[in-house]
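Participant: File name protein_24.txt; file contents compact mmCIF, C-alpha atoms; full text below.
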```
# COMPACT_ATOMS: atom_id res chain seq x y z
CA MET A 1 -37.15 60.32 -30.96
CA LYS A 2 -36.82 59.80 -27.20
CA ASP A 3 -34.19 62.57 -27.08
CA ARG A 4 -36.63 65.17 -28.44
CA PHE A 5 -40.09 63.92 -27.47
CA PRO A 6 -39.91 61.96 -24.18
CA GLY A 7 -43.66 62.40 -23.60
CA LEU A 8 -44.52 60.99 -27.01
CA VAL A 9 -42.24 58.01 -26.43
CA LEU A 10 -43.99 57.21 -23.16
CA ALA A 11 -47.40 57.63 -24.80
CA ILE A 12 -46.54 55.13 -27.54
CA THR A 13 -44.95 52.71 -25.07
CA GLY A 14 -47.91 52.80 -22.68
CA TYR A 15 -50.34 52.42 -25.56
CA ILE A 16 -48.69 49.12 -26.51
CA VAL A 17 -47.78 47.73 -23.10
CA SER A 18 -51.26 48.00 -21.56
CA ILE A 19 -52.94 45.88 -24.24
CA PRO A 20 -52.28 42.54 -22.49
CA ILE A 21 -51.87 43.69 -18.84
CA TYR A 22 -53.56 45.85 -16.22
CA CYS A 23 -52.69 49.55 -16.35
CA GLU A 24 -51.48 49.57 -12.73
CA SER A 25 -48.93 46.86 -13.50
CA GLY A 26 -47.93 48.63 -16.69
CA PHE A 27 -47.22 51.88 -14.85
CA ILE A 28 -45.08 50.14 -12.24
CA ILE A 29 -43.14 48.31 -14.97
CA LEU A 30 -42.48 51.54 -16.92
CA ASP A 31 -41.90 53.80 -13.92
CA SER A 32 -38.13 53.44 -14.08
CA VAL A 33 -38.21 54.54 -17.73
CA ARG A 34 -40.35 57.54 -16.81
CA LYS A 35 -37.99 58.59 -14.01
CA GLN A 36 -34.96 58.27 -16.27
CA LEU A 37 -36.58 60.43 -18.96
CA ALA A 38 -37.61 63.02 -16.36
CA ARG A 39 -34.03 63.24 -15.04
CA SER A 40 -32.21 63.22 -18.37
CA HIS A 41 -34.51 65.72 -20.12
CA LYS A 42 -35.41 67.80 -17.06
CA VAL A 43 -39.10 67.35 -17.84
CA SER A 44 -41.83 67.60 -15.22
CA PRO A 45 -42.61 64.20 -13.66
CA VAL A 46 -46.27 65.23 -13.51
CA PHE A 47 -46.39 65.70 -17.28
CA LEU A 48 -44.71 62.36 -18.01
CA SER A 49 -46.82 60.48 -15.45
CA THR A 50 -50.05 61.95 -16.82
CA VAL A 51 -49.12 61.03 -20.39
CA LEU A 52 -47.98 57.53 -19.44
CA GLY A 53 -51.00 56.91 -17.22
CA CYS A 54 -53.48 58.08 -19.89
CA SER A 55 -51.91 55.93 -22.61
CA LEU A 56 -51.98 52.85 -20.37
CA TYR A 57 -55.55 53.64 -19.34
CA ALA A 58 -56.75 53.97 -22.94
CA THR A 59 -55.84 50.52 -24.22
CA HIS A 60 -56.58 48.87 -20.87
CA THR A 61 -60.17 50.10 -21.06
CA LEU A 62 -60.90 49.62 -24.77
CA VAL A 63 -58.68 46.98 -26.36
CA PRO A 64 -59.06 43.20 -26.02
CA PRO A 65 -57.63 40.93 -24.70
CA THR A 66 -57.80 42.83 -21.40
CA PRO A 67 -60.58 41.32 -19.23
CA GLY A 68 -63.07 44.22 -19.29
CA PRO A 69 -63.38 44.55 -23.08
CA LEU A 70 -63.40 40.76 -23.55
CA ALA A 71 -66.27 40.31 -21.09
CA ALA A 72 -68.19 43.25 -22.60
CA ILE A 73 -67.79 41.74 -26.07
CA ALA A 74 -69.34 38.51 -24.78
CA ASN A 75 -72.16 40.39 -23.03
CA LEU A 76 -73.09 42.24 -26.23
CA GLY A 77 -72.88 39.17 -28.46
CA LEU A 78 -69.89 40.41 -30.46
CA ASN A 79 -67.66 37.32 -30.18
CA SER A 80 -68.00 36.60 -33.90
CA HIS A 81 -66.98 40.20 -34.71
CA ILE A 82 -63.87 40.40 -32.55
CA SER A 83 -61.67 40.71 -35.63
CA LEU A 84 -63.41 44.04 -36.30
CA VAL A 85 -63.50 45.11 -32.66
CA ILE A 86 -59.72 44.99 -32.18
CA PRO A 87 -58.65 47.40 -34.96
CA LEU A 88 -61.47 49.81 -34.11
CA SER A 89 -60.50 49.61 -30.43
CA LEU A 90 -56.93 50.52 -31.33
CA LEU A 91 -58.17 53.54 -33.30
CA PHE A 92 -60.55 54.79 -30.61
CA SER A 93 -57.87 54.34 -27.94
CA LEU A 94 -55.58 56.57 -30.02
CA VAL A 95 -58.20 59.30 -29.61
CA ALA A 96 -58.03 58.78 -25.83
CA VAL A 97 -54.22 58.87 -25.85
CA PHE A 98 -54.24 62.12 -27.81
CA ALA A 99 -56.73 63.73 -25.41
CA GLY A 100 -54.65 62.69 -22.40
CA TYR A 101 -51.45 63.93 -24.02
CA VAL A 102 -52.92 67.33 -24.84
CA TRP A 103 -54.14 67.81 -21.26
CA GLY A 104 -50.81 66.55 -19.89
CA THR A 105 -48.90 69.30 -21.70
CA ARG A 106 -50.46 71.79 -19.27
CA PHE A 107 -48.17 70.33 -16.59
CA ARG A 108 -44.83 70.54 -18.42
CA LYS A 109 -43.47 72.95 -15.79
CA THR A 110 -45.20 71.59 -12.71
CA LYS A 111 -42.74 70.67 -9.97
CA ILE A 112 -43.19 68.28 -7.06
CA ALA A 113 -41.43 68.13 -3.72
CA THR A 114 -42.97 64.98 -2.26
CA PRO A 115 -40.59 61.98 -1.88
CA VAL A 116 -41.10 59.40 -4.60
CA ILE A 117 -41.48 55.67 -4.00
CA GLU A 118 -38.40 53.90 -5.29
CA ALA A 119 -38.98 50.45 -6.68
CA LYS A 120 -36.58 47.75 -5.53
CA GLU A 121 -33.78 47.23 -7.98
CA SER A 122 -33.88 43.87 -9.69
CA VAL A 123 -31.56 42.03 -12.01
CA SER A 124 -33.43 43.41 -15.00
CA ASP A 125 -32.95 46.99 -13.69
CA SER A 126 -29.23 46.72 -13.07
CA GLN A 127 -28.40 44.61 -16.12
CA PRO A 128 -30.78 45.46 -18.97
CA PHE A 129 -31.20 42.84 -21.65
CA ASN A 130 -30.97 43.58 -25.34
CA TYR A 131 -33.66 41.44 -26.93
CA PRO A 132 -34.30 41.34 -30.68
CA PHE A 133 -37.26 43.61 -31.41
CA LEU A 134 -39.49 40.90 -32.90
CA LEU A 135 -38.78 38.60 -29.99
CA ALA A 136 -39.69 41.32 -27.50
CA VAL A 137 -43.05 42.22 -29.10
CA LEU A 138 -44.06 38.61 -29.80
CA PRO A 139 -45.86 38.00 -26.44
CA ILE A 140 -48.08 41.03 -27.13
CA GLY A 141 -48.38 40.84 -30.91
CA ALA A 142 -49.04 37.11 -31.26
CA PRO A 143 -52.32 37.04 -29.24
CA ILE A 144 -53.68 40.13 -31.02
CA ILE A 145 -52.91 38.70 -34.46
CA LEU A 146 -54.33 35.28 -33.57
CA ILE A 147 -57.54 36.74 -32.09
CA THR A 148 -58.04 38.86 -35.20
CA LEU A 149 -57.41 35.94 -37.57
CA GLY A 150 -59.61 33.70 -35.42
CA GLY A 151 -62.51 36.12 -35.77
CA VAL A 152 -62.13 36.07 -39.56
CA ALA A 153 -61.79 32.27 -39.60
CA ASN A 154 -65.20 31.89 -37.93
CA ASN A 155 -66.75 32.67 -41.32
CA TYR A 156 -64.92 29.81 -43.07
CA PRO A 157 -65.71 26.20 -42.01
CA GLU A 158 -62.43 24.91 -43.45
CA LEU A 159 -60.48 27.17 -41.04
CA THR A 160 -61.92 25.73 -37.84
CA TRP A 161 -58.41 25.02 -36.55
CA LEU A 162 -57.48 28.70 -36.91
CA ALA A 163 -60.69 29.77 -35.17
CA PHE A 164 -59.76 27.43 -32.31
CA ILE A 165 -56.24 28.85 -31.97
CA GLY A 166 -57.64 32.37 -32.30
CA HIS A 167 -60.04 31.96 -29.39
CA PRO A 168 -58.95 34.61 -26.83
CA VAL A 169 -58.04 32.05 -24.16
CA ASN A 170 -55.95 29.95 -26.55
CA ALA A 171 -54.36 33.04 -28.12
CA LEU A 172 -53.30 34.31 -24.69
CA LEU A 173 -51.80 30.88 -23.96
CA VAL A 174 -49.75 31.22 -27.15
CA GLY A 175 -48.61 34.65 -25.93
CA LEU A 176 -47.53 33.08 -22.65
CA ILE A 177 -45.53 30.43 -24.51
CA CYS A 178 -43.87 33.22 -26.52
CA CYS A 179 -42.41 34.55 -23.25
CA TRP A 180 -40.23 31.46 -22.95
CA PRO A 181 -37.62 32.58 -25.52
CA LEU A 182 -37.27 35.87 -23.61
CA GLN A 183 -36.42 34.02 -20.43
CA ARG A 184 -33.90 31.87 -22.30
CA ALA A 185 -32.35 34.96 -23.93
CA ALA A 186 -31.98 36.64 -20.54
CA GLY A 187 -29.79 33.77 -19.40
CA CYS A 188 -31.04 33.95 -15.81
CA ARG A 189 -32.58 31.26 -13.67
CA VAL A 190 -36.22 31.55 -12.69
CA ASP A 191 -37.74 30.49 -9.39
CA TRP A 192 -40.78 28.81 -10.90
CA ASN A 193 -42.55 28.38 -7.57
CA GLN A 194 -42.33 32.09 -6.87
CA ALA A 195 -43.23 33.02 -10.46
CA ILE A 196 -46.32 30.79 -10.46
CA ARG A 197 -47.36 32.06 -7.02
CA LYS A 198 -47.14 35.70 -8.13
CA ALA A 199 -49.01 34.89 -11.34
CA LEU A 200 -51.81 33.20 -9.41
CA GLU A 201 -52.05 36.17 -7.03
CA THR A 202 -52.42 38.58 -9.95
CA GLY A 203 -54.72 36.27 -11.89
CA GLY A 204 -56.91 35.65 -8.86
CA ARG A 205 -57.46 39.38 -8.43
CA ILE A 206 -58.44 39.72 -12.08
CA LEU A 207 -60.85 36.78 -11.84
CA LEU A 208 -62.38 38.29 -8.71
CA VAL A 209 -62.88 41.71 -10.34
CA VAL A 210 -64.29 40.27 -13.57
CA GLY A 211 -66.52 37.75 -11.78
CA ALA A 212 -67.85 40.31 -9.31
CA GLY A 213 -68.43 42.86 -12.07
CA GLY A 214 -70.30 40.35 -14.21
CA ALA A 215 -72.39 39.17 -11.28
CA PHE A 216 -73.23 42.75 -10.32
CA GLY A 217 -74.29 43.50 -13.89
CA TYR A 218 -76.58 40.50 -14.07
CA VAL A 219 -78.09 41.28 -10.66
CA LEU A 220 -79.01 44.74 -11.94
CA ARG A 221 -80.17 43.30 -15.24
CA HIS A 222 -82.44 40.64 -13.73
CA GLY A 223 -83.46 42.78 -10.77
CA GLY A 224 -85.74 44.88 -12.94
CA MET A 225 -83.43 47.84 -13.57
CA SER A 226 -83.23 47.23 -17.31
CA GLN A 227 -86.97 46.67 -17.54
CA PHE A 228 -87.60 49.91 -15.65
CA ILE A 229 -85.32 51.87 -17.97
CA SER A 230 -86.86 50.28 -21.07
CA SER A 231 -90.31 51.44 -19.93
CA LEU A 232 -89.28 55.08 -19.88
CA PRO A 233 -90.87 57.22 -22.62
CA ASP A 234 -88.78 58.30 -25.63
CA LEU A 235 -85.97 55.92 -24.69
CA GLY A 236 -84.88 55.63 -28.31
CA GLN A 237 -83.83 59.28 -28.30
CA TRP A 238 -81.05 58.50 -25.84
CA GLY A 239 -79.20 56.30 -28.31
CA LEU A 240 -75.49 55.84 -27.47
CA LEU A 241 -75.69 58.39 -24.65
CA LEU A 242 -77.39 55.89 -22.34
CA PRO A 243 -74.62 53.22 -22.47
CA PHE A 244 -72.06 55.98 -21.98
CA LEU A 245 -73.84 57.45 -18.94
CA MET A 246 -74.43 54.02 -17.39
CA ALA A 247 -70.76 53.12 -17.60
CA ALA A 248 -69.67 56.60 -16.44
CA LEU A 249 -71.92 56.52 -13.38
CA ILE A 250 -70.78 53.03 -12.39
CA LYS A 251 -67.12 53.89 -12.95
CA THR A 252 -67.33 57.13 -10.98
CA ALA A 253 -69.19 55.40 -8.15
CA GLU A 254 -67.08 52.27 -7.67
CA GLY A 255 -63.72 53.08 -9.28
CA SER A 256 -62.98 50.10 -11.54
CA ALA A 257 -63.08 50.56 -15.32
CA THR A 258 -63.27 46.77 -15.73
CA VAL A 259 -66.34 46.46 -13.50
CA ALA A 260 -67.96 49.48 -15.17
CA MET A 261 -67.40 47.99 -18.62
CA ILE A 262 -68.78 44.58 -17.70
CA THR A 263 -71.74 45.85 -15.66
CA SER A 264 -72.89 48.50 -18.12
CA SER A 265 -72.67 46.13 -21.10
CA ALA A 266 -74.75 43.53 -19.25
CA MET A 267 -77.38 46.16 -18.42
CA VAL A 268 -77.44 47.63 -21.93
CA MET A 269 -77.89 44.31 -23.73
CA PRO A 270 -81.70 44.03 -23.11
CA LEU A 271 -82.13 47.71 -24.05
CA LEU A 272 -80.51 47.57 -27.48
CA ALA A 273 -83.80 47.20 -29.38
CA ALA A 274 -85.43 50.12 -27.56
CA LEU A 275 -82.34 52.26 -28.20
CA GLY A 276 -82.28 51.43 -31.89
CA LEU A 277 -78.95 49.62 -31.52
CA ASP A 278 -80.07 46.01 -32.07
CA SER A 279 -77.79 45.40 -35.05
CA HIS A 280 -74.16 44.39 -35.51
CA GLU A 281 -73.19 48.02 -36.02
CA GLY A 282 -75.33 49.18 -33.09
CA ARG A 283 -73.85 46.60 -30.71
CA LEU A 284 -70.36 47.58 -31.82
CA LEU A 285 -71.01 51.25 -31.14
CA ALA A 286 -72.68 50.43 -27.82
CA PHE A 287 -69.51 48.56 -26.83
CA PHE A 288 -67.35 51.61 -27.49
CA ALA A 289 -69.86 53.91 -25.78
CA CYS A 290 -69.57 51.72 -22.67
CA GLY A 291 -65.78 51.87 -23.00
CA ALA A 292 -65.83 55.66 -23.20
CA GLY A 293 -68.01 55.82 -20.11
CA ALA A 294 -65.76 53.36 -18.26
CA MET A 295 -62.92 55.90 -18.60
CA THR A 296 -64.94 58.69 -16.99
CA VAL A 297 -63.41 59.36 -14.47
CA ALA A 298 -60.47 57.99 -12.44
CA HIS A 299 -60.56 59.70 -9.05
CA VAL A 300 -59.89 58.89 -5.39
CA ASN A 301 -61.68 55.52 -5.42
CA ASP A 302 -59.54 54.24 -8.31
CA SER A 303 -56.34 52.40 -7.35
CA PHE A 304 -54.72 53.50 -10.60
CA LEU A 305 -54.83 57.15 -9.50
CA TRP A 306 -52.98 56.30 -6.29
CA VAL A 307 -50.37 54.20 -8.11
CA ILE A 308 -49.57 57.18 -10.34
CA ALA A 309 -49.62 59.67 -7.45
CA GLU A 310 -47.46 57.61 -5.08
CA PHE A 311 -44.83 56.58 -7.62
CA THR A 312 -44.60 60.11 -9.00
CA GLY A 313 -44.72 61.92 -5.68
CA MET A 314 -47.81 63.98 -6.49
CA ASP A 315 -50.11 65.29 -3.79
CA THR A 316 -53.82 64.52 -4.08
CA VAL A 317 -54.79 67.91 -5.53
CA THR A 318 -52.16 67.67 -8.28
CA ALA A 319 -53.22 64.11 -9.09
CA LEU A 320 -56.86 65.17 -9.39
CA LYS A 321 -55.98 68.15 -11.59
CA SER A 322 -53.78 66.09 -13.89
CA VAL A 323 -54.93 62.48 -14.04
CA THR A 324 -58.62 62.81 -13.09
CA VAL A 325 -59.34 65.69 -15.45
CA ALA A 326 -57.34 63.94 -18.18
CA THR A 327 -59.50 60.81 -17.90
CA PHE A 328 -62.60 63.00 -18.12
CA PHE A 329 -61.44 64.43 -21.44
CA GLN A 330 -60.42 60.95 -22.59
CA GLY A 331 -63.91 59.57 -22.04
CA ILE A 332 -65.64 62.56 -23.63
CA SER A 333 -63.31 62.52 -26.64
CA VAL A 334 -63.87 58.80 -27.29
CA PHE A 335 -67.64 59.22 -26.95
CA LEU A 336 -67.66 62.10 -29.44
CA ALA A 337 -65.59 59.96 -31.82
CA VAL A 338 -68.11 57.11 -31.43
CA GLU A 339 -70.99 59.49 -32.15
CA PHE A 340 -69.17 60.72 -35.26
CA VAL A 341 -68.72 57.13 -36.52
CA ALA A 342 -72.40 56.45 -35.72
CA LEU A 343 -73.39 59.07 -38.27
CA TRP A 344 -71.94 56.80 -40.95
CA LEU A 345 -72.95 53.38 -39.59
CA LEU A 346 -76.47 53.93 -38.24
```
In structure tokens, how does this file's structure come out?
Facilitator:
Amino acid sequence: MKDRFPGLVLAITGYIVSIPIYCESGFIILDSVRKQLARSHKVSPVFLSTVLGCSLYATHTLVPPTPGPLAAIANLGLNSHISLVIPLSLLFSLVAVFAGYVWGTRFRKTKIATPVIEAKESVSDSQPFNYPFLLAVLPIGAPIILITLGGVANNYPELTWLAFIGHPVNALLVGLICCWPLQRAAGCRVDWNQAIRKALETGGRILLVVGAGGAFGYVLRHGGMSQFISSLPDLGQWGLLLPFLMAALIKTAEGSATVAMITSSAMVMPLLAALGLDSHEGRLLAFFACGAGAMTVAHVNDSFLWVIAEFTGMDTVTALKSVTVATFFQGISVFLAVEFVALWLL
């Protein structure tokens, strides 16, 4: 399939890879694949970068166990329904991937002349490893399966042990342990001091973003903003549009989808009753409305836009036309899909 549809291959790959990691890291990891496909198939780098970036962005924003969705789930009291959140998140993120892919096709013939950042060649670049397929997907698949099963096990007292293993933190630890066979199969030595230091640097940034986003949300929530909004007349007519607009405004203003997801969910929680969303179905749809808003839009204050632009060699105008507009259509498409589902659930 990669010989005929390089864009589709990148879309599928990004959709999977960004489930457990940040989209910026995912793009850097897959950039060498993108460049190879662009050279071998003579396809526009702008098209491939837009498609790859949008697919990474979709699952990063919507699918647990990435930090933003996990924190939003906790804010909206959906921890016991995480087994339902994950499959629905995967479906809604497919809508976002499709929207980004369709917009990316407009740039199939767009050329760039700006020098591209070349990543330093590593052992894994010069000597690719041939892992068994199941072994390669285990670090990603195991946490998702365990979290889903753990959510189901919460309803059965005799499966407490499975609920414990399926807790997101424990499931991610299992995913980390599943990386060990990959290192053994590679047959290369690892500098554990350097590996742990890099992991702590990345993890510290994530903790800072999540903690700051949560704190900002609760400051707004307890500072009277939610009470002011709840006092507005005819608030119930806004429905899912209000969570979407809250997340979209925060995202557009400060640039982080994770912070937008966490902050908007914390602000929406006290408003659920006034919006007519104070039910399991309503909370679930409010979660996805916040996720759709958190996609809208990635522009100059979003580090992800600059990662894509710099590694691809796009100028700012081209990046805004391709990636920024694509994320706008992604957010709108997901929100329309959520509204469509709401017709059946509410």
Participant: For a quick check of understanding, using only C-alpha atoms, which of A:Leu62, A:Val102, A:Leu94, A:Leu84 has the smallest distance to Ile145 of chain A?
Facilitator: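 Once distances to Ile145 of chain A are computed over only C-alpha atoms, the minimum belongs to A:Leu84.
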Participant: What is the distance, in Å and to one decimal place, between atom CA of Ala58 of chain A and atom CA of Met295 of chain A?
Facilitator: 7.8 Å
Participant: Name the closest residue to Ile147 of chain A among the candidates A:Leu78, A:Asp278, A:Pro65, A:Val325; distances are taken between atoms, counting all atoms listed in the file.
Facilitator: A:Pro65
Participant: Considering only C-alpha atoms, can you say which of A:Ala142, A:Leu240, A:Leu305, A:Ala273 comes closest to Leu343 of chain A?
Facilitator: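 Of A:Ala142, A:Leu240, A:Leu305, A:Ala273, the one nearest Leu343 of chain A, counting only C-alpha atoms, is A:Leu240.
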Participant: Give me, as a tab-separated table, the closest atom pair and its distance (Å, one decimal) for every residue of segment 287-322 of chain A within a cut-off of 10 Å of segment 31-37 of chain A, counting all atoms listed in the file, rows sorted by chain and rising number.
Facilitator:
```
residue	atom	partner	partner_atom	distance
A:Ile308	CA	A:Asp31	CA	9.1
A:Phe311	CA	A:Asp31	CA	7.5
A:Thr312	CA	A:Lys35	CA	8.4
```
Participant: Okay, now the selection with C-alpha atoms, as a PDB file, keeping the file's coordinate frame?
Facilitator:
```pdb
ATOM      1  CA  ILE A 308     -49.570  57.180 -10.340  1.00  0.00           C
ATOM      2  CA  PHE A 311     -44.830  56.580  -7.620  1.00  0.00           C
ATOM      3  CA  THR A 312     -44.600  60.110  -9.000  1.00  0.00           C
TER       4      THR A 312
END
```
Participant: As a PyMOL selection string, please: the residues near Leu249 of chain A (cut-off 10 Å, only C-alpha atoms, same-chain neighbours under 3 positions excluded).
Facilitator: chain A and resi 244-246+252-255+260+264+293-294+296-297
Participant: Which one of A:Asp315, A:Asp191, A:Asp302, A:Asp234 sits closest to Gly276 of chain A if you count only C-alpha atoms?
Facilitator: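 Of all the options, A:Asp234 lies closest to Gly276 of chain A.
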Participant: I'd like the interatomic distance between atom CA of Lys109 of chain A and atom CA of Phe47 of chain A, to a tenth of an Å.
Facilitator: 8.0 Å
Participant: Taking only C-alpha atoms into account, which of A:Leu271, A:Leu149, A:Ala298, A:Ala247 comes nearest Phe335 of chain A?
Facilitator: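 Selected residue with least distance to Phe335 of chain A: A:Ala247.
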Participant: Here is a test: counting only C-alpha atoms, which residue of A:Val43, A:Val51, A:Leu76, A:Ala195 is nearest to Phe27 of chain A?
Facilitator: A:Val51
Participant: Please compute the atom CA of Gly291 of chain A-atom CA of His60 of chain A distance, one decimal, in Å.
Facilitator: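 If I compute the distance from atom CA of Gly291 of chain A to atom CA of His60 of chain A, I get 9.9 Å.
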Participant: Please list as JSON, numbers by chain every residue within 10 Å of segment 153-155 of chain A, counting all atoms listed in the file and excluding residues in the same chain fewer than 3 positions away.
Facilitator: {"A": [79, 80, 81, 83, 147, 148, 149, 150, 158, 159, 160, 161, 162, 163, 164, 166, 167]}
Participant: Kindly add N, CA and C atoms to the incomplete segment 262-282 of chain A and provide the output as a PDB file, keeping the file's coordinate frame.
Facilitator:
```pdb
ATOM      1  N   ILE A 262     -68.026  45.840 -17.734  1.00  0.00           N
ATOM      2  CA  ILE A 262     -68.780  44.580 -17.700  1.00  0.00           C
ATOM      3  C   ILE A 262     -70.223  44.820 -17.266  1.00  0.00           C
ATOM      4  N   THR A 263     -70.401  45.609 -16.208  1.00  0.00           N
ATOM      5  CA  THR A 263     -71.740  45.850 -15.660  1.00  0.00           C
ATOM      6  C   THR A 263     -72.615  46.614 -16.636  1.00  0.00           C
ATOM      7  N   SER A 264     -72.077  47.684 -17.205  1.00  0.00           N
ATOM      8  CA  SER A 264     -72.890  48.500 -18.120  1.00  0.00           C
ATOM      9  C   SER A 264     -73.258  47.730 -19.381  1.00  0.00           C
ATOM     10  N   SER A 265     -72.347  46.914 -19.899  1.00  0.00           N
ATOM     11  CA  SER A 265     -72.670  46.130 -21.100  1.00  0.00           C
ATOM     12  C   SER A 265     -73.753  45.100 -20.817  1.00  0.00           C
ATOM     13  N   ALA A 266     -73.715  44.496 -19.616  1.00  0.00           N
ATOM     14  CA  ALA A 266     -74.750  43.530 -19.250  1.00  0.00           C
ATOM     15  C   ALA A 266     -76.110  44.212 -19.104  1.00  0.00           C
ATOM     16  N   MET A 267     -76.118  45.442 -18.593  1.00  0.00           N
ATOM     17  CA  MET A 267     -77.380  46.160 -18.420  1.00  0.00           C
ATOM     18  C   MET A 267     -77.926  46.680 -19.755  1.00  0.00           C
ATOM     19  N   VAL A 268     -77.027  47.041 -20.663  1.00  0.00           N
ATOM     20  CA  VAL A 268     -77.440  47.630 -21.930  1.00  0.00           C
ATOM     21  C   VAL A 268     -77.995  46.576 -22.889  1.00  0.00           C
ATOM     22  N   MET A 269     -77.519  45.356 -22.774  1.00  0.00           N
ATOM     23  CA  MET A 269     -77.890  44.310 -23.730  1.00  0.00           C
ATOM     24  C   MET A 269     -79.417  44.196 -23.926  1.00  0.00           C
ATOM     25  N   PRO A 270     -80.247  44.138 -22.875  1.00  0.00           N
ATOM     26  CA  PRO A 270     -81.700  44.030 -23.110  1.00  0.00           C
ATOM     27  C   PRO A 270     -82.334  45.308 -23.644  1.00  0.00           C
ATOM     28  N   LEU A 271     -81.583  46.422 -23.635  1.00  0.00           N
ATOM     29  CA  LEU A 271     -82.130  47.710 -24.050  1.00  0.00           C
ATOM     30  C   LEU A 271     -81.787  48.065 -25.487  1.00  0.00           C
ATOM     31  N   LEU A 272     -81.016  47.214 -26.157  1.00  0.00           N
ATOM     32  CA  LEU A 272     -80.510  47.570 -27.480  1.00  0.00           C
ATOM     33  C   LEU A 272     -81.645  47.843 -28.475  1.00  0.00           C
ATOM     34  N   ALA A 273     -82.697  47.009 -28.435  1.00  0.00           N
ATOM     35  CA  ALA A 273     -83.800  47.200 -29.380  1.00  0.00           C
ATOM     36  C   ALA A 273     -84.500  48.533 -29.144  1.00  0.00           C
ATOM     37  N   ALA A 274     -84.754  48.862 -27.870  1.00  0.00           N
ATOM     38  CA  ALA A 274     -85.430  50.120 -27.560  1.00  0.00           C
ATOM     39  C   ALA A 274     -84.571  51.330 -27.909  1.00  0.00           C
ATOM     40  N   LEU A 275     -83.254  51.162 -27.882  1.00  0.00           N
ATOM     41  CA  LEU A 275     -82.340  52.260 -28.200  1.00  0.00           C
ATOM     42  C   LEU A 275     -82.048  52.366 -29.685  1.00  0.00           C
ATOM     43  N   GLY A 276     -82.564  51.429 -30.461  1.00  0.00           N
ATOM     44  CA  GLY A 276     -82.280  51.430 -31.890  1.00  0.00           C
ATOM     45  C   GLY A 276     -80.891  50.937 -32.216  1.00  0.00           C
ATOM     46  N   LEU A 277     -80.325  50.095 -31.345  1.00  0.00           N
ATOM     47  CA  LEU A 277     -78.950  49.620 -31.520  1.00  0.00           C
ATOM     48  C   LEU A 277     -78.892  48.098 -31.688  1.00  0.00           C
ATOM     49  N   ASP A 278     -80.029  47.472 -31.987  1.00  0.00           N
ATOM     50  CA  ASP A 278     -80.070  46.010 -32.070  1.00  0.00           C
ATOM     51  C   ASP A 278     -79.649  45.537 -33.466  1.00  0.00           C
ATOM     52  N   SER A 279     -78.406  45.844 -33.806  1.00  0.00           N
ATOM     53  CA  SER A 279     -77.790  45.400 -35.050  1.00  0.00           C
ATOM     54  C   SER A 279     -76.305  45.205 -34.777  1.00  0.00           C
ATOM     55  N   HIS A 280     -75.592  44.595 -35.719  1.00  0.00           N
ATOM     56  CA  HIS A 280     -74.160  44.390 -35.510  1.00  0.00           C
ATOM     57  C   HIS A 280     -73.450  45.733 -35.314  1.00  0.00           C
ATOM     58  N   GLU A 281     -73.815  46.710 -36.138  1.00  0.00           N
ATOM     59  CA  GLU A 281     -73.190  48.020 -36.020  1.00  0.00           C
ATOM     60  C   GLU A 281     -73.577  48.694 -34.702  1.00  0.00           C
ATOM     61  N   GLY A 282     -74.862  48.573 -34.333  1.00  0.00           N
ATOM     62  CA  GLY A 282     -75.330  49.180 -33.090  1.00  0.00           C
ATOM     63  C   GLY A 282     -74.664  48.584 -31.870  1.00  0.00           C
TER      64      GLY A 282
END
```
